[in-house]
file protein00.cif (mmCIF, C-alpha atoms)
data_start
#
loop_
_atom_site.group_PDB
_atom_site.id
_atom_site.type_symbol
_atom_site.label_atom_id
_atom_site.label_comp_id
_atom_site.auth_asym_id
_atom_site.auth_seq_id
_atom_site.Cartn_x
_atom_site.Cartn_y
_atom_site.Cartn_z
ATOM 1 C CA MET A 1 -16.931 -62.076 35.741
ATOM 2 C CA ALA A 2 -19.850 -59.737 36.299
ATOM 3 C CA ASP A 3 -18.579 -58.939 39.834
ATOM 4 C CA ASP A 4 -15.026 -58.231 38.664
ATOM 5 C CA PRO A 5 -14.448 -54.438 38.840
ATOM 6 C CA LYS A 6 -11.835 -54.736 36.106
ATOM 7 C CA SER A 7 -14.032 -56.550 33.663
ATOM 8 C CA GLY A 8 -14.468 -54.908 30.296
ATOM 9 C CA ASP A 9 -18.273 -54.776 30.527
ATOM 10 C CA GLU A 10 -18.239 -52.045 33.156
ATOM 11 C CA ARG A 11 -15.660 -49.888 31.395
ATOM 12 C CA PRO A 12 -16.566 -47.197 28.882
ATOM 13 C CA PRO A 13 -16.418 -48.404 25.267
ATOM 14 C CA GLU A 14 -13.724 -45.877 24.392
ATOM 15 C CA GLU A 15 -11.376 -47.292 27.062
ATOM 16 C CA HIS A 16 -11.346 -50.998 25.966
ATOM 17 C CA GLU A 17 -8.186 -50.513 23.921
ATOM 18 C CA PHE A 18 -6.179 -49.458 27.005
ATOM 19 C CA TYR A 19 -6.803 -52.680 29.014
ATOM 20 C CA ASP A 20 -5.070 -56.030 28.715
ATOM 21 C CA ARG A 21 -7.685 -58.722 27.978
ATOM 22 C CA ARG A 22 -5.761 -61.451 29.810
ATOM 23 C CA SER A 23 -4.703 -59.661 32.997
ATOM 24 C CA GLY A 24 -7.368 -56.948 33.011
ATOM 25 C CA GLU A 25 -4.796 -54.262 33.907
ATOM 26 C CA ASP A 26 -4.635 -50.791 32.490
ATOM 27 C CA ARG A 27 -1.680 -50.412 30.147
ATOM 28 C CA ARG A 28 -1.616 -46.592 30.425
ATOM 29 C CA GLY A 29 0.773 -44.757 32.702
ATOM 30 C CA GLY A 30 -0.221 -42.691 35.696
ATOM 31 C CA GLY A 31 0.013 -39.432 33.757
ATOM 32 C CA GLU A 32 -2.189 -40.759 30.962
ATOM 33 C CA ARG A 33 -4.843 -42.115 33.321
ATOM 34 C CA ARG A 34 -5.112 -38.932 35.356
ATOM 35 C CA GLY A 35 -8.170 -36.909 34.450
ATOM 36 C CA THR A 36 -9.423 -39.255 31.692
ATOM 37 C CA GLY A 37 -12.307 -41.659 31.494
ATOM 38 C CA ARG A 38 -15.461 -41.936 33.531
ATOM 39 C CA ARG A 39 -13.750 -43.605 36.548
ATOM 40 C CA TYR A 40 -10.828 -41.177 36.624
ATOM 41 C CA ARG A 41 -12.744 -37.921 36.321
ATOM 42 C CA ARG A 42 -11.194 -35.072 38.300
ATOM 43 C CA GLN A 43 -13.019 -34.257 41.542
ATOM 44 C CA ASP A 44 -13.444 -30.803 43.017
ATOM 45 C CA VAL A 45 -11.345 -30.162 46.126
ATOM 46 C CA ASP A 46 -11.125 -27.263 48.508
ATOM 47 C CA ASP A 47 -8.785 -24.389 47.696
ATOM 48 C CA ASP A 48 -6.848 -24.837 50.916
ATOM 49 C CA ARG A 49 -5.878 -28.366 49.820
ATOM 50 C CA ARG A 50 -4.444 -27.225 46.481
ATOM 51 C CA SER A 51 -0.835 -26.237 45.961
ATOM 52 C CA GLY A 52 1.337 -24.801 43.226
ATOM 53 C CA LYS A 53 -0.347 -24.076 39.898
ATOM 54 C CA GLU A 54 -3.540 -25.817 40.969
ATOM 55 C CA ARG A 55 -4.147 -23.373 43.799
ATOM 56 C CA ARG A 56 -6.841 -20.953 42.780
ATOM 57 C CA GLY A 57 -6.145 -17.308 43.432
ATOM 58 C CA PRO A 58 -8.118 -14.133 42.877
ATOM 59 C CA PRO A 59 -8.805 -13.303 39.226
ATOM 60 C CA ARG A 60 -6.104 -11.228 37.606
ATOM 61 C CA ARG A 61 -7.004 -7.670 36.768
ATOM 62 C CA LYS A 62 -6.295 -6.706 33.203
ATOM 63 C CA ILE A 63 -3.507 -4.147 33.115
ATOM 64 C CA LEU A 64 -4.547 -1.196 30.994
ATOM 65 C CA ASP A 65 -2.573 1.805 29.864
ATOM 66 C CA ARG A 66 -3.458 4.767 32.030
ATOM 67 C CA ARG A 67 -3.305 7.050 29.029
ATOM 68 C CA ARG A 68 -6.357 5.351 27.551
ATOM 69 C CA HIS A 69 -8.397 6.653 30.487
ATOM 70 C CA VAL A 70 -6.822 10.125 30.683
ATOM 71 C CA ASP A 71 -5.932 11.210 27.151
ATOM 72 C CA PRO A 72 -8.912 11.280 24.749
ATOM 73 C CA ARG A 73 -6.598 10.620 21.790
ATOM 74 C CA TYR A 74 -6.070 7.021 22.980
ATOM 75 C CA LYS A 75 -9.764 6.170 23.258
ATOM 76 C CA LYS A 76 -10.884 3.436 20.891
ATOM 77 C CA HIS A 77 -13.400 4.244 18.210
ATOM 78 C CA ARG A 78 -16.673 2.444 17.929
ATOM 79 C CA SER A 79 -16.664 -1.042 16.459
ATOM 80 C CA SER A 80 -18.746 0.183 13.542
ATOM 81 C CA GLY A 81 -15.726 2.111 12.255
ATOM 82 C CA ALA A 82 -17.509 5.490 12.216
ATOM 83 C CA HIS A 83 -15.413 8.524 13.086
ATOM 84 C CA PRO A 84 -16.259 10.382 16.302
ATOM 85 C CA VAL A 85 -18.113 13.658 15.904
ATOM 86 C CA TYR A 86 -18.148 16.922 17.810
ATOM 87 C CA SER A 87 -20.953 17.708 20.177
ATOM 88 C CA VAL A 88 -23.112 20.779 19.577
ATOM 89 C CA GLU A 89 -21.080 22.839 22.070
ATOM 90 C CA ASP A 90 -17.712 21.720 20.663
ATOM 91 C CA ASN A 91 -18.909 22.327 17.110
ATOM 92 C CA ALA A 92 -19.768 25.908 18.046
ATOM 93 C CA ARG A 93 -16.335 26.350 19.643
ATOM 94 C CA VAL A 94 -14.584 25.063 16.525
ATOM 95 C CA GLN A 95 -16.625 27.393 14.336
ATOM 96 C CA GLN A 96 -15.717 30.309 16.599
ATOM 97 C CA MET A 97 -12.005 29.447 16.659
ATOM 98 C CA LEU A 98 -11.621 28.930 12.917
ATOM 99 C CA SER A 99 -13.675 31.914 11.770
ATOM 100 C CA ARG A 100 -12.342 34.661 14.063
ATOM 101 C CA VAL A 101 -8.851 35.979 14.649
ATOM 102 C CA GLY A 102 -7.497 35.850 18.193
ATOM 103 C CA PHE A 103 -8.605 32.366 19.271
ATOM 104 C CA GLY A 104 -6.564 29.215 19.680
ATOM 105 C CA VAL A 105 -6.688 27.082 16.543
ATOM 106 C CA THR A 106 -6.483 23.566 17.982
ATOM 107 C CA CYS A 107 -9.034 20.812 18.516
ATOM 108 C CA PRO A 108 -11.044 21.448 21.725
ATOM 109 C CA ILE A 109 -11.027 17.709 22.520
ATOM 110 C CA CYS A 110 -7.406 16.616 21.998
ATOM 111 C CA GLU A 111 -5.665 19.927 21.098
ATOM 112 C CA GLY A 112 -4.486 18.497 17.789
ATOM 113 C CA PRO A 113 -3.951 20.405 14.522
ATOM 114 C CA PHE A 114 -6.558 20.627 11.786
ATOM 115 C CA THR A 115 -6.322 19.413 8.201
ATOM 116 C CA LEU A 116 -8.322 21.397 5.683
ATOM 117 C CA GLY A 117 -10.425 20.374 2.728
ATOM 118 C CA PRO A 118 -10.969 22.284 -0.506
ATOM 119 C CA VAL A 119 -12.603 25.704 -0.395
ATOM 120 C CA ASP A 120 -16.187 25.949 -1.642
ATOM 121 C CA VAL A 121 -17.530 29.416 -2.406
ATOM 122 C CA ARG A 122 -21.103 29.939 -1.180
ATOM 123 C CA GLY A 123 -22.378 33.375 -2.050
ATOM 124 C CA THR A 124 -20.205 36.005 -0.395
ATOM 125 C CA GLY A 125 -18.504 33.526 1.967
ATOM 126 C CA THR A 126 -16.457 30.356 1.784
ATOM 127 C CA VAL A 127 -17.053 26.905 3.269
ATOM 128 C CA ARG A 128 -14.481 24.179 3.892
ATOM 129 C CA GLN A 129 -14.101 20.942 5.830
ATOM 130 C CA ALA A 130 -11.830 21.015 8.903
ATOM 131 C CA THR A 131 -10.734 17.666 10.386
ATOM 132 C CA CYS A 132 -8.583 17.058 13.468
ATOM 133 C CA ALA A 133 -5.422 15.150 12.563
ATOM 134 C CA HIS A 134 -5.360 13.297 15.927
ATOM 135 C CA CYS A 135 -8.882 12.284 16.914
ATOM 136 C CA GLY A 136 -10.486 12.392 13.439
ATOM 137 C CA ARG A 137 -13.385 14.673 14.381
ATOM 138 C CA GLY A 138 -14.489 17.013 11.626
ATOM 139 C CA THR A 139 -16.881 19.828 10.924
ATOM 140 C CA VAL A 140 -17.755 22.323 8.194
ATOM 141 C CA VAL A 141 -16.479 25.835 8.868
ATOM 142 C CA THR A 142 -17.666 29.069 7.297
ATOM 143 C CA ASP A 143 -15.001 31.685 6.421
ATOM 144 C CA CYS A 144 -12.123 29.663 7.871
ATOM 145 C CA ILE A 145 -9.061 31.725 8.806
ATOM 146 C CA LEU A 146 -6.705 28.760 8.533
ATOM 147 C CA LEU A 147 -4.877 28.207 5.257
ATOM 148 C CA ARG A 148 -3.111 25.356 3.522
ATOM 149 C CA VAL A 149 0.373 26.709 2.825
ATOM 150 C CA MET A 150 2.956 25.059 0.583
ATOM 151 C CA VAL A 151 6.603 25.908 1.261
ATOM 152 C CA VAL A 152 9.010 25.439 -1.662
ATOM 153 C CA THR A 153 12.714 26.017 -1.013
ATOM 154 C CA ARG A 154 15.902 24.006 -1.238
ATOM 155 C CA ILE A 155 17.338 25.417 2.010
ATOM 156 C CA ALA A 156 16.381 23.016 4.800
ATOM 157 C CA ALA A 157 16.879 25.564 7.600
ATOM 158 C CA VAL A 158 14.530 28.048 5.941
ATOM 159 C CA ARG A 159 11.976 25.305 5.272
ATOM 160 C CA ARG A 160 11.984 24.170 8.925
ATOM 161 C CA MET A 161 11.689 27.739 10.182
ATOM 162 C CA LEU A 162 8.724 28.497 7.917
ATOM 163 C CA ALA A 163 7.020 25.228 8.836
ATOM 164 C CA GLY A 164 7.433 26.010 12.530
ATOM 165 C CA ILE A 165 5.977 29.521 12.176
ATOM 166 C CA LEU A 166 3.010 28.358 10.136
ATOM 167 C CA SER A 167 2.261 25.270 12.243
ATOM 168 C CA ALA A 168 2.343 27.307 15.459
ATOM 169 C CA ALA A 169 -0.263 29.621 13.945
ATOM 170 C CA GLY A 170 -2.493 26.629 13.152
ATOM 171 C CA HIS A 171 -2.031 26.538 9.384
ATOM 172 C CA GLU A 172 -1.607 23.291 7.454
ATOM 173 C CA VAL A 173 1.865 23.067 5.890
ATOM 174 C CA LEU A 174 2.932 21.141 2.778
ATOM 175 C CA GLU A 175 6.670 20.668 2.207
ATOM 176 C CA PRO A 176 7.477 19.228 -1.243
ATOM 177 C CA ALA A 177 11.085 18.275 -1.883
ATOM 178 C CA HIS A 178 11.527 20.309 -5.076
ATOM 179 C CA ALA A 179 9.672 22.338 -7.697
ATOM 180 C CA GLU A 180 8.460 19.397 -9.767
ATOM 181 C CA ALA A 181 7.074 17.704 -6.654
ATOM 182 C CA ALA A 182 5.391 20.995 -5.736
ATOM 183 C CA LEU A 183 3.298 20.856 -8.908
ATOM 184 C CA GLU A 184 2.213 17.268 -8.208
ATOM 185 C CA VAL A 185 1.353 18.030 -4.564
ATOM 186 C CA HIS A 186 -0.610 21.104 -5.549
ATOM 187 C CA ARG A 187 -2.663 19.151 -8.099
ATOM 188 C CA GLU A 188 -3.624 16.572 -5.445
ATOM 189 C CA ASN A 189 -4.100 19.011 -2.518
ATOM 190 C CA PRO A 190 -4.544 22.564 -3.823
ATOM 191 C CA ALA A 191 -2.832 25.055 -1.523
ATOM 192 C CA ASP A 192 -4.215 28.464 -0.616
ATOM 193 C CA VAL A 193 -0.796 30.147 -0.457
ATOM 194 C CA VAL A 194 2.585 29.177 -1.896
ATOM 195 C CA ILE A 195 5.666 30.568 -0.154
ATOM 196 C CA MET A 196 8.703 29.931 -2.308
ATOM 197 C CA ASP A 197 12.336 30.878 -2.733
ATOM 198 C CA PRO A 198 12.773 30.777 -6.522
ATOM 199 C CA PHE A 199 16.480 31.619 -6.304
ATOM 200 C CA SER A 200 17.312 28.364 -4.464
ATOM 201 C CA LEU A 201 15.555 25.883 -6.790
ATOM 202 C CA THR A 202 17.618 23.689 -9.109
ATOM 203 C CA GLU A 203 15.435 20.928 -10.643
ATOM 204 C CA MET A 204 13.074 23.457 -12.189
ATOM 205 C CA ASP A 205 13.747 27.145 -12.560
ATOM 206 C CA GLY A 206 11.910 29.123 -9.871
ATOM 207 C CA GLN A 207 10.636 31.613 -12.420
ATOM 208 C CA GLU A 208 9.227 28.765 -14.507
ATOM 209 C CA LEU A 209 7.410 27.419 -11.433
ATOM 210 C CA ILE A 210 5.814 30.824 -10.837
ATOM 211 C CA ARG A 211 4.735 31.042 -14.466
ATOM 212 C CA VAL A 212 3.154 27.560 -14.445
ATOM 213 C CA LEU A 213 1.317 28.138 -11.151
ATOM 214 C CA ARG A 214 0.014 31.516 -12.248
ATOM 215 C CA HIS A 215 -1.136 30.125 -15.603
ATOM 216 C CA ASP A 216 -2.897 27.046 -14.201
ATOM 217 C CA TYR A 217 -4.192 28.625 -10.970
ATOM 218 C CA PRO A 218 -4.917 32.332 -11.505
ATOM 219 C CA ASP A 219 -6.372 32.855 -8.016
ATOM 220 C CA LEU A 220 -3.437 31.275 -6.162
ATOM 221 C CA ARG A 221 -1.546 33.576 -3.798
ATOM 222 C CA ILE A 222 2.205 33.320 -4.411
ATOM 223 C CA VAL A 223 4.620 34.816 -1.864
ATOM 224 C CA VAL A 224 8.230 35.067 -3.023
ATOM 225 C CA LEU A 225 11.213 35.277 -0.670
ATOM 226 C CA ALA A 226 13.862 37.580 -2.120
ATOM 227 C CA PRO A 227 16.980 39.288 -0.751
ATOM 228 C CA LYS A 228 17.182 43.029 -0.448
ATOM 229 C CA PRO A 229 18.305 44.846 -3.610
ATOM 230 C CA SER A 230 21.847 46.123 -3.885
ATOM 231 C CA TYR A 231 23.115 49.245 -5.640
ATOM 232 C CA ARG A 232 25.486 47.041 -7.647
ATOM 233 C CA SER A 233 22.828 44.664 -9.007
ATOM 234 C CA ALA A 234 19.223 44.782 -10.136
ATOM 235 C CA ASP A 235 16.351 43.824 -7.880
ATOM 236 C CA PRO A 236 16.042 40.005 -8.078
ATOM 237 C CA SER A 237 12.316 40.177 -7.331
ATOM 238 C CA ALA A 238 11.458 42.287 -10.397
ATOM 239 C CA THR A 239 11.127 39.222 -12.641
ATOM 240 C CA ALA A 240 9.013 37.419 -10.057
ATOM 241 C CA ARG A 241 6.588 40.341 -9.986
ATOM 242 C CA GLN A 242 6.370 40.350 -13.748
ATOM 243 C CA LEU A 243 5.528 36.623 -13.756
ATOM 244 C CA GLY A 244 2.662 37.125 -11.298
ATOM 245 C CA ALA A 245 4.013 36.924 -7.743
ATOM 246 C CA SER A 246 1.410 38.237 -5.303
ATOM 247 C CA LEU A 247 3.814 39.552 -2.678
ATOM 248 C CA ILE A 248 7.535 39.895 -2.058
ATOM 249 C CA VAL A 249 8.967 39.254 1.414
ATOM 250 C CA ARG A 250 12.529 40.434 1.912
ATOM 251 C CA THR A 251 15.057 38.239 3.663
ATOM 252 C CA PRO A 252 15.923 38.083 6.471
ATOM 253 C CA PHE A 253 12.282 37.999 7.543
ATOM 254 C CA SER A 254 10.488 37.729 10.878
ATOM 255 C CA ARG A 255 7.453 35.793 12.084
ATOM 256 C CA GLU A 256 5.258 38.875 11.751
ATOM 257 C CA ASP A 257 6.353 39.346 8.121
ATOM 258 C CA ILE A 258 5.235 35.817 7.183
ATOM 259 C CA LEU A 259 1.895 35.980 9.007
ATOM 260 C CA ARG A 260 1.207 39.423 7.555
ATOM 261 C CA ALA A 261 1.878 38.103 4.059
ATOM 262 C CA LEU A 262 -0.812 35.454 4.514
ATOM 263 C CA LYS A 263 -3.451 38.059 5.380
ATOM 264 C CA GLU A 264 -2.646 40.627 2.707
ATOM 265 C CA PRO A 265 -4.553 40.323 -0.580
ATOM 266 C CA ARG A 266 -2.897 39.938 -3.930
ATOM 267 C CA THR A 267 -1.302 43.159 -5.223
#
call {"tool": "encode", "arguments": {"input": "protein00.cif", "output": "structure tokens"}}
result
Amino acid sequence: MADDPKSGDERPPEEHEFYDRRSGEDRRGGGERRGTGRRYRRQDVDDDRRSGKERRGPPRRKILDRRRHVDPRYKKHRSSGAHPVYSVEDNARVQQMLSRVGFGVTCPICEGPFTLGPVDVRGTGTVRQATCAHCGRGTVVTDCILLRVMVVTRIAAVRRMLAGILSAAGHEVLEPAHAEAALEVHRENPADVVIMDPFSLTEMDGQELIRVLRHDYPDLRIVVLAPKPSYRSADPSATARQLGASLIVRTPFSREDILRALKEPRT
């Protein structure tokens, strides 16, 4: 029995259960025997002898999105989770853009808009955090010309037009749905300027909104949109001025009228 190649002594211990003790034959099928056990271990063969799925081909190249190599906004951040930062040259460019009139007000890396932090008064100047909304890079800017503007009106066409004018100029725009939401948004993210149409508000009286904002935030700049006065009726903006409106812009207005209202001080 020692010379019998099918004897159980020469087989691995884990394969005894697959052999018939009387006949010494393997009870497994061809598919089960293939590639298993010490005697049926797969042998290496040349590539030219393989066919079908077994034929080895060149390694597949991983298909990547071309935008990840071209557009910086699609680059992955570091595994540590830290936000990317501006270089010294880009930081100087951002400071120059956001502190002087006449420069483009977009991120120098990805050309995205900036989101602004609260204003901190330092001596005779102001300091605030400016962060790119696309790539997440941020820096501290002195005397920033950009403003956080909140637009409050019930007319959707007027709201979209104002948001387009302000966003094109680089300003951050907040668009609450109604007057009560405007108070909640302003408490969470204080705006620098509020442009409102008090004659189109329904949930809360527009005059009441002006009174509350002026009482709680004395330094807030409030710009009121009002129609031109008529000889048959009183000026609708007179009450808004009495309640503390900083400036009155007559409708219909132009892009220059809105941008000029943001630069003019409170009167």
call {"tool": "resolve_selection", "arguments": {"input": "protein00.cif", "expression": "the PyMOL selection byres ((chain A and resi 250) around 8)", "output": "list in words"}}
result
Leu225, Ala226, Pro227, Lys228, Ile248, Val249, Thr251, Pro252 and Phe253 of chain A
call {"tool": "atom_distance", "arguments": {"input": "protein00.cif", "atom1": "CA of Met196 in chain A", "atom2": "CA of Leu116 in chain A"}}
result
20.7 Å
call {"tool": "resolve_selection", "arguments": {"input": "protein00.cif", "expression": "the PyMOL selection byres ((chain A and resi 178) around 8)", "output": "NGL selection string"}}
result
:A and (152-154 or 176-177 or 179-182 or 201 or 203-204)
call {"tool": "closest_residue", "arguments": {"input": "protein00.cif", "among": "A:Gly123, A:Gly164, A:Gly138, A:Gly112", "to": "Ile258 in chain A", "atoms": "only C-alpha atoms"}}
result
A:Gly164
call {"tool": "resolve_selection", "arguments": {"input": "protein00.cif", "expression": "the PyMOL selection byres ((chain A and resi 86) around 9)", "output": "list in words"}}
result
Pro84, Val85, Ser87, Val88, Glu89, Asp90, Asn91, Val94, Ile109, Arg137, Gly138 and Thr139 of chain A
call {"tool": "atom_distance", "arguments": {"input": "protein00.cif", "atom1": "CA of Ala133 in chain A", "atom2": "CA of Ala168 in chain A"}}
result
14.7 Å
call {"tool": "residues_around", "arguments": {"input": "protein00.cif", "residues": "Arg241 in chain A", "least_positions_apart": "4", "cutoff": "12 Å", "atoms": "all atoms listed in the file", "output": "CSV table (one decimal) with C-alpha atoms, keeping the file's coordinate frame"}}
result
chain,number,residue,atom,x,y,z
A,198,PRO,CA,12.8,30.8,-6.5
A,207,GLN,CA,10.6,31.6,-12.4
A,210,ILE,CA,5.8,30.8,-10.8
A,211,ARG,CA,4.7,31.0,-14.5
A,214,ARG,CA,0.0,31.5,-12.2
A,222,ILE,CA,2.2,33.3,-4.4
A,223,VAL,CA,4.6,34.8,-1.9
A,224,VAL,CA,8.2,35.1,-3.0
A,225,LEU,CA,11.2,35.3,-0.7
A,226,ALA,CA,13.9,37.6,-2.1
A,235,ASP,CA,16.4,43.8,-7.9
A,236,PRO,CA,16.0,40.0,-8.1
A,237,SER,CA,12.3,40.2,-7.3
A,245,ALA,CA,4.0,36.9,-7.7
A,246,SER,CA,1.4,38.2,-5.3
A,247,LEU,CA,3.8,39.6,-2.7
A,248,ILE,CA,7.5,39.9,-2.1
A,249,VAL,CA,9.0,39.3,1.4
A,266,ARG,CA,-2.9,39.9,-3.9
A,267,THR,CA,-1.3,43.2,-5.2
call {"tool": "residues_around", "arguments": {"input": "protein00.cif", "residues": "Gln95 in chain A", "least_positions_apart": "6", "cutoff": "12 Å", "atoms": "all atoms listed in the file", "output": "JSON, numbers by chain"}}
result
{"A": [86, 88, 89, 101, 103, 104, 105, 106, 107, 108, 127, 128, 129, 130, 138, 139, 140, 141, 142, 143, 144, 145, 146]}
call {"tool": "closest_residue", "arguments": {"input": "protein00.cif", "among": "A:Ser99, A:Phe199, A:Pro113, A:Leu213", "to": "Thr239 in chain A", "atoms": "all atoms listed in the file"}}
result
A:Phe199
call {"tool": "atom_distance", "arguments": {"input": "protein00.cif", "atom1": "CA of Ala163 in chain A", "atom2": "CA of Arg187 in chain A"}}
result
20.4 Å
call {"tool": "closest_residue", "arguments": {"input": "protein00.cif", "among": "A:Val193, A:Cys135, A:Leu209, A:Ala169", "to": "Glu264 in chain A", "atoms": "all atoms listed in the file"}}
result
A:Val193
call {"tool": "closest_residue", "arguments": {"input": "protein00.cif", "among": "A:Leu98, A:Leu243, A:Val212, A:Leu259", "to": "Thr131 in chain A", "atoms": "only C-alpha atoms"}}
result
A:Leu98
call {"tool": "closest_residue", "arguments": {"input": "protein00.cif", "among": "A:Arg122, A:Arg100, A:Arg260, A:Arg93", "to": "Leu166 in chain A", "atoms": "only C-alpha atoms"}}
result
A:Arg260
